[in-house]
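Data block for upload.tsv (TSV, C-alpha atoms):
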chain	number	residue	atom	x	y	z
A	19	MET	CA	106.12	70.61	110.64
A	20	LEU	CA	106.81	73.90	112.39
A	21	PHE	CA	105.09	75.84	115.14
A	22	VAL	CA	105.84	79.56	115.24
A	23	ARG	CA	107.49	80.43	118.53
A	24	THR	CA	108.16	84.14	117.98
A	25	GLY	CA	107.60	86.47	115.07
A	26	PHE	CA	105.23	86.29	112.14
A	27	CYS	CA	105.11	84.41	108.86
A	28	LYS	CA	102.93	85.29	105.89
A	29	VAL	CA	101.23	82.64	103.80
A	30	THR	CA	100.90	83.54	100.14
A	31	THR	CA	99.53	82.09	96.94
A	32	MET	CA	99.79	83.15	93.33
A	33	ALA	CA	96.88	85.25	92.05
A	34	GLU	CA	95.49	84.85	88.53
A	35	ASP	CA	97.64	87.75	87.29
A	36	SER	CA	100.78	86.05	88.74
A	37	SER	CA	101.03	88.53	91.60
A	38	SER	CA	101.50	87.37	95.17
A	39	LEU	CA	98.38	87.29	97.35
A	40	THR	CA	98.79	87.10	101.12
A	41	ILE	CA	96.03	84.87	102.49
A	42	TRP	CA	96.98	84.45	106.13
A	43	ILE	CA	99.50	85.55	108.72
A	44	ALA	CA	100.84	82.93	111.10
A	45	GLY	CA	101.75	84.08	114.60
A	46	ARG	CA	102.81	82.57	117.90
A	47	TYR	CA	102.03	78.82	118.19
A	48	ASP	CA	100.46	78.60	114.74
A	49	ALA	CA	101.33	75.43	112.83
A	50	ILE	CA	102.88	75.78	109.39
A	51	PRO	CA	102.14	74.44	106.89
A	52	ILE	CA	98.70	74.16	108.49
A	53	GLU	CA	97.05	72.71	105.38
A	54	SER	CA	99.12	69.51	105.64
A	55	PHE	CA	98.73	69.04	109.39
A	56	PHE	CA	96.45	66.00	109.24
A	57	LEU	CA	96.93	65.13	105.58
A	58	ALA	CA	99.09	62.22	104.47
A	59	LYS	CA	100.59	64.27	101.63
A	60	ALA	CA	103.02	66.95	102.75
A	61	GLN	CA	102.76	68.88	99.47
A	62	THR	CA	101.52	72.44	99.78
A	63	LYS	CA	100.29	74.97	97.21
A	64	PHE	CA	101.22	77.92	99.39
A	65	GLU	CA	104.43	79.83	100.05
A	66	TYR	CA	105.56	80.63	103.58
A	67	GLU	CA	107.71	83.71	104.09
A	68	ALA	CA	108.99	85.41	107.24
A	69	LEU	CA	107.20	88.70	107.83
A	70	THR	CA	109.45	89.45	110.82
A	71	ASP	CA	112.43	87.84	112.46
A	72	GLY	CA	111.35	84.90	114.55
A	73	THR	CA	111.91	81.37	115.75
A	74	ALA	CA	109.96	78.15	115.37
A	75	TYR	CA	109.67	74.73	116.97
A	76	ARG	CA	110.27	71.84	114.56
A	77	LEU	CA	108.20	68.76	115.34
A	78	ASN	CA	108.19	65.31	113.85
A	79	LYS	CA	104.65	65.08	112.48
A	80	ARG	CA	104.25	61.35	113.14
A	81	HIS	CA	105.46	61.65	116.75
A	82	PHE	CA	103.26	64.67	117.34
A	83	LEU	CA	100.15	62.92	115.98
A	84	GLU	CA	100.90	59.90	118.18
A	85	TYR	CA	101.28	62.18	121.19
A	86	ILE	CA	97.96	63.98	120.70
A	87	THR	CA	96.21	60.65	120.05
A	88	HIS	CA	97.16	59.56	123.57
A	89	ASN	CA	96.51	62.96	125.19
A	90	PRO	CA	92.88	63.99	124.69
A	91	THR	CA	93.35	67.32	126.49
A	92	VAL	CA	96.07	68.36	124.05
A	93	PHE	CA	93.95	67.13	121.14
A	94	SER	CA	91.00	69.18	122.43
A	95	GLU	CA	93.15	72.32	122.72
A	96	LEU	CA	94.45	71.74	119.22
A	97	ALA	CA	90.89	71.38	117.88
A	98	THR	CA	90.01	74.68	119.56
A	99	GLU	CA	92.98	76.36	117.88
A	100	PHE	CA	92.02	74.97	114.48
A	101	SER	CA	88.48	76.27	114.99
A	102	ALA	CA	89.90	79.71	115.76
A	103	HIS	CA	92.02	79.47	112.59
A	104	GLN	CA	88.92	78.63	110.56
A	105	GLU	CA	87.13	81.64	112.05
A	106	ASP	CA	90.12	83.84	111.12
A	107	MET	CA	89.98	82.57	107.55
A	108	LEU	CA	86.23	83.17	107.30
A	109	ARG	CA	86.68	86.73	108.62
A	110	TYR	CA	89.44	87.26	106.06
A	111	ILE	CA	87.24	85.97	103.22
A	112	ALA	CA	84.37	88.21	104.34
A	113	GLY	CA	86.74	91.18	104.40
A	114	VAL	CA	88.26	90.74	100.96
A	115	ASN	CA	84.82	90.16	99.46
A	116	GLN	CA	83.68	93.65	100.38
A	117	SER	CA	82.90	95.83	97.36
A	118	THR	CA	85.16	98.83	98.04
A	119	ILE	CA	88.82	99.13	98.97
A	120	ARG	CA	87.76	101.14	102.01
A	121	ASP	CA	85.52	98.35	103.30
A	122	LYS	CA	88.11	95.69	102.45
A	123	LEU	CA	90.67	97.64	104.46
A	124	LEU	CA	88.40	98.21	107.44
A	125	HIS	CA	87.36	94.56	107.63
A	126	THR	CA	90.90	93.23	107.13
A	127	LEU	CA	92.49	95.60	109.66
A	128	HIS	CA	89.74	94.86	112.17
A	129	SER	CA	90.25	91.13	111.67
A	130	LEU	CA	94.03	91.45	112.16
A	131	ALA	CA	93.49	93.58	115.25
A	132	SER	CA	91.12	91.00	116.73
A	133	ARG	CA	93.68	88.27	116.15
A	134	PHE	CA	96.95	89.95	117.10
A	135	SER	CA	96.03	92.62	119.64
A	136	ALA	CA	97.28	92.40	123.19
A	137	SER	CA	95.06	95.30	124.23
A	138	ASP	CA	92.10	95.00	126.57
A	139	ASP	CA	90.74	98.39	125.47
A	140	CYS	CA	87.65	97.64	123.39
A	141	ASN	CA	87.66	101.00	121.58
A	142	LEU	CA	91.28	101.17	120.42
A	143	ILE	CA	93.02	98.08	119.16
A	144	GLU	CA	96.68	98.12	118.19
A	145	ILE	CA	97.66	95.54	115.62
A	146	GLY	CA	100.71	93.88	117.09
A	147	LEU	CA	102.55	93.18	113.86
A	148	PRO	CA	104.46	95.36	111.41
A	149	LEU	CA	102.64	95.75	108.10
A	150	THR	CA	103.58	97.79	105.07
A	151	HIS	CA	101.06	99.22	102.65
A	152	LYS	CA	102.31	96.60	100.17
A	153	ASP	CA	101.56	93.79	102.68
A	154	ILE	CA	98.04	95.08	103.16
A	155	ALA	CA	97.54	95.54	99.41
A	156	GLU	CA	98.57	91.90	98.89
A	157	MET	CA	96.07	90.83	101.52
A	158	ILE	CA	93.08	92.53	99.90
A	159	GLY	CA	94.08	92.15	96.25
A	160	ALA	CA	94.45	95.88	95.54
A	161	ALA	CA	97.18	98.15	94.22
A	162	ARG	CA	99.54	99.51	96.86
A	163	GLU	CA	98.90	103.06	95.67
A	164	SER	CA	95.12	102.66	96.12
A	165	VAL	CA	95.66	101.22	99.59
A	166	THR	CA	97.93	104.13	100.54
A	167	LEU	CA	95.34	106.69	99.40
A	168	GLU	CA	92.53	104.93	101.25
A	169	LEU	CA	94.60	104.50	104.43
A	170	ARG	CA	95.29	108.25	104.41
A	171	GLN	CA	91.55	108.92	104.07
A	172	LEU	CA	90.74	106.50	106.93
A	173	LYS	CA	93.34	108.31	109.04
A	174	ARG	CA	91.78	111.70	108.16
A	175	ASP	CA	88.38	110.24	109.08
A	176	ARG	CA	89.95	109.19	112.41
A	177	LEU	CA	88.93	105.56	111.97
A	178	ILE	CA	92.53	104.38	112.14
A	179	SER	CA	95.92	105.73	113.16
A	180	TYR	CA	99.16	104.39	111.84
A	181	SER	CA	102.86	104.92	111.65
A	182	ARG	CA	105.70	102.87	110.17
A	183	THR	CA	105.53	100.40	113.07
A	184	GLU	CA	101.90	100.16	114.13
A	185	PHE	CA	98.24	100.39	113.19
A	186	ILE	CA	95.61	101.43	115.72
A	187	ILE	CA	92.01	100.63	114.89
A	188	HIS	CA	89.25	102.77	116.43
A	189	THR	CA	86.71	99.98	116.68
A	190	ALA	CA	83.78	101.99	118.05
A	191	LYS	CA	84.05	104.52	115.21
A	192	ILE	CA	84.38	101.75	112.63
A	193	ALA	CA	81.31	99.98	114.02
A	194	LYS	CA	79.26	103.15	113.47
A	195	SER	CA	80.27	103.37	109.81
A	196	THR	CA	80.24	99.64	108.88
A	197	GLN	CA	78.62	96.31	109.66
A	198	ILE	CA	81.62	95.26	111.78
A	199	PRO	CA	80.78	94.74	115.48
A	200	ALA	CA	82.87	96.85	117.88
Written as structure tokens, how would this file's structure read?
Amino acid sequence: MLFVRTGFCKVTTMAEDSSSLTIWIAGRYDAIPIESFFLAKAQTKFEYEALTDGTAYRLNKRHFLEYITHNPTVFSELATEFSAHQEDMLRYIAGVNQSTIRDKLLHTLHSLASRFSASDDCNLIEIGLPLTHKDIAEMIGAARESVTLELRQLKRDRLISYSRTEFIIHTAKIAKSTQIPA
């Protein structure tokens, strides 16, 4: 079992058309593979791939489970983290189930910004991880070309700003044009 120390790891699965579908991004202190954390079987149906350079802590699962059993505070903190992970996954599912690529993008970028932003500014949120148009396309199940066109339109509409190394989400503007809270 690993806990991400620095960097980011993407979790993918195979879509029906045999393409890769990114379903989650693991960041600092996230456990991977999370789906086998409390399960007896260590088999996973997902692929884990480095999104950036990084480091991880390797823990013996049995020793770690013994440790948290005897330390209720640690167990409580872990339960809180798993609840946050579940909320992230539900936000992701809500985002990719939107009907248009534009709405899928807005929801997914907003969700990533909420999770990975270090900013305290509630109107502009910088996503603190490097994403390519291909990465985003894999996250929402769309063609990279369609994502690129829609991202350009969102930039022209001043709902987002982006460069090769960052995305900035204008949350107040997005909230006016969608159902996403600012």
Handout entry: Near-Lys122 (chain A) list (10 Å; all atoms listed in the file; drop same-chain fewer than 2 positions) as a ChimeraX atom specification
Key = /A:110-120,124-128,154-155,157-160,165
Suppose we keep C-alpha atoms; can you now write the selection as a short mmCIF file (atom, residue, chain, number, x, y, z; two decimals), in the coordinates of the input?
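Final file, part_14.cif:
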data_model
loop_
_atom_site.label_atom_id
_atom_site.label_comp_id
_atom_site.auth_asym_id
_atom_site.auth_seq_id
_atom_site.Cartn_x
_atom_site.Cartn_y
_atom_site.Cartn_z
CA TYR A 110 89.44 87.26 106.06
CA ILE A 111 87.24 85.97 103.22
CA ALA A 112 84.37 88.21 104.34
CA GLY A 113 86.74 91.18 104.40
CA VAL A 114 88.26 90.74 100.96
CA ASN A 115 84.82 90.16 99.46
CA GLN A 116 83.68 93.65 100.38
CA SER A 117 82.90 95.83 97.36
CA THR A 118 85.16 98.83 98.04
CA ILE A 119 88.82 99.13 98.97
CA ARG A 120 87.76 101.14 102.01
CA LEU A 124 88.40 98.21 107.44
CA HIS A 125 87.36 94.56 107.63
CA THR A 126 90.90 93.23 107.13
CA LEU A 127 92.49 95.60 109.66
CA HIS A 128 89.74 94.86 112.17
CA ILE A 154 98.04 95.08 103.16
CA ALA A 155 97.54 95.54 99.41
CA MET A 157 96.07 90.83 101.52
CA ILE A 158 93.08 92.53 99.90
CA GLY A 159 94.08 92.15 96.25
CA ALA A 160 94.45 95.88 95.54
CA VAL A 165 95.66 101.22 99.59
#
Exercise for the section: Would you work out the distance separating CA of Thr40 (chain A) from CA of Glu65 (chain A), expressed in Å to one decimal? Expected result: 9.3 Å
Handout entry: Atom-to-atom span, CA of Glu99 (chain A) and CA of Tyr180 (chain A), Å
Key =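 Interatomic distance, CA of Glu99 (chain A) to CA of Tyr180 (chain A): 29.3 Å.
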Region 94-96 of chain A surroundings by all atoms listed in the file, 12 Å radius, close-in-sequence under 3 positions cut, as a PDB file with C-alpha atoms, in the frame of the given file:
ATOM      1  CA  TYR A  47     102.030  78.820 118.190  1.00  0.00           C
ATOM      2  CA  ASP A  48     100.460  78.600 114.740  1.00  0.00           C
ATOM      3  CA  ALA A  49     101.330  75.430 112.830  1.00  0.00           C
ATOM      4  CA  ILE A  52      98.700  74.160 108.490  1.00  0.00           C
ATOM      5  CA  PHE A  55      98.730  69.040 109.390  1.00  0.00           C
ATOM      6  CA  PHE A  56      96.450  66.000 109.240  1.00  0.00           C
ATOM      7  CA  PHE A  82     103.260  64.670 117.340  1.00  0.00           C
ATOM      8  CA  LEU A  83     100.150  62.920 115.980  1.00  0.00           C
ATOM      9  CA  TYR A  85     101.280  62.180 121.190  1.00  0.00           C
ATOM     10  CA  ILE A  86      97.960  63.980 120.700  1.00  0.00           C
ATOM     11  CA  THR A  87      96.210  60.650 120.050  1.00  0.00           C
ATOM     12  CA  HIS A  88      97.160  59.560 123.570  1.00  0.00           C
ATOM     13  CA  ASN A  89      96.510  62.960 125.190  1.00  0.00           C
ATOM     14  CA  PRO A  90      92.880  63.990 124.690  1.00  0.00           C
ATOM     15  CA  THR A  91      93.350  67.320 126.490  1.00  0.00           C
ATOM     16  CA  GLU A  99      92.980  76.360 117.880  1.00  0.00           C
ATOM     17  CA  PHE A 100      92.020  74.970 114.480  1.00  0.00           C
ATOM     18  CA  SER A 101      88.480  76.270 114.990  1.00  0.00           C
ATOM     19  CA  ALA A 102      89.900  79.710 115.760  1.00  0.00           C
ATOM     20  CA  HIS A 103      92.020  79.470 112.590  1.00  0.00           C
TER      21      HIS A 103
END
Exercise for the section: Would you list the contacts of Leu167 (chain A) as number ranges by chain, taking every protein, DNA or RNA residue within 12 Å and counting all atoms listed in the file, but skipping same-chain residues closer than 3 positions in sequence? Expected result: A: 119-120, 123, 151, 155, 160-164, 170-174
Problem - Among the residues A:Thr98, A:Ser36, A:Asn78, A:Thr70, the one that comes closest to Thr183 (chain A) [using all atoms listed in the file] - result: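 The answer is A:Thr70, which sits nearest to Thr183 (chain A).
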Problem - Distance criterion (only C-alpha atoms): nearest to Asp175 (chain A) out of A:Thr150, A:Met107, A:Ser135, A:Lys191 - result: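 When distances to Asp175 (chain A) are compared using only C-alpha atoms, the smallest one comes from A:Lys191.
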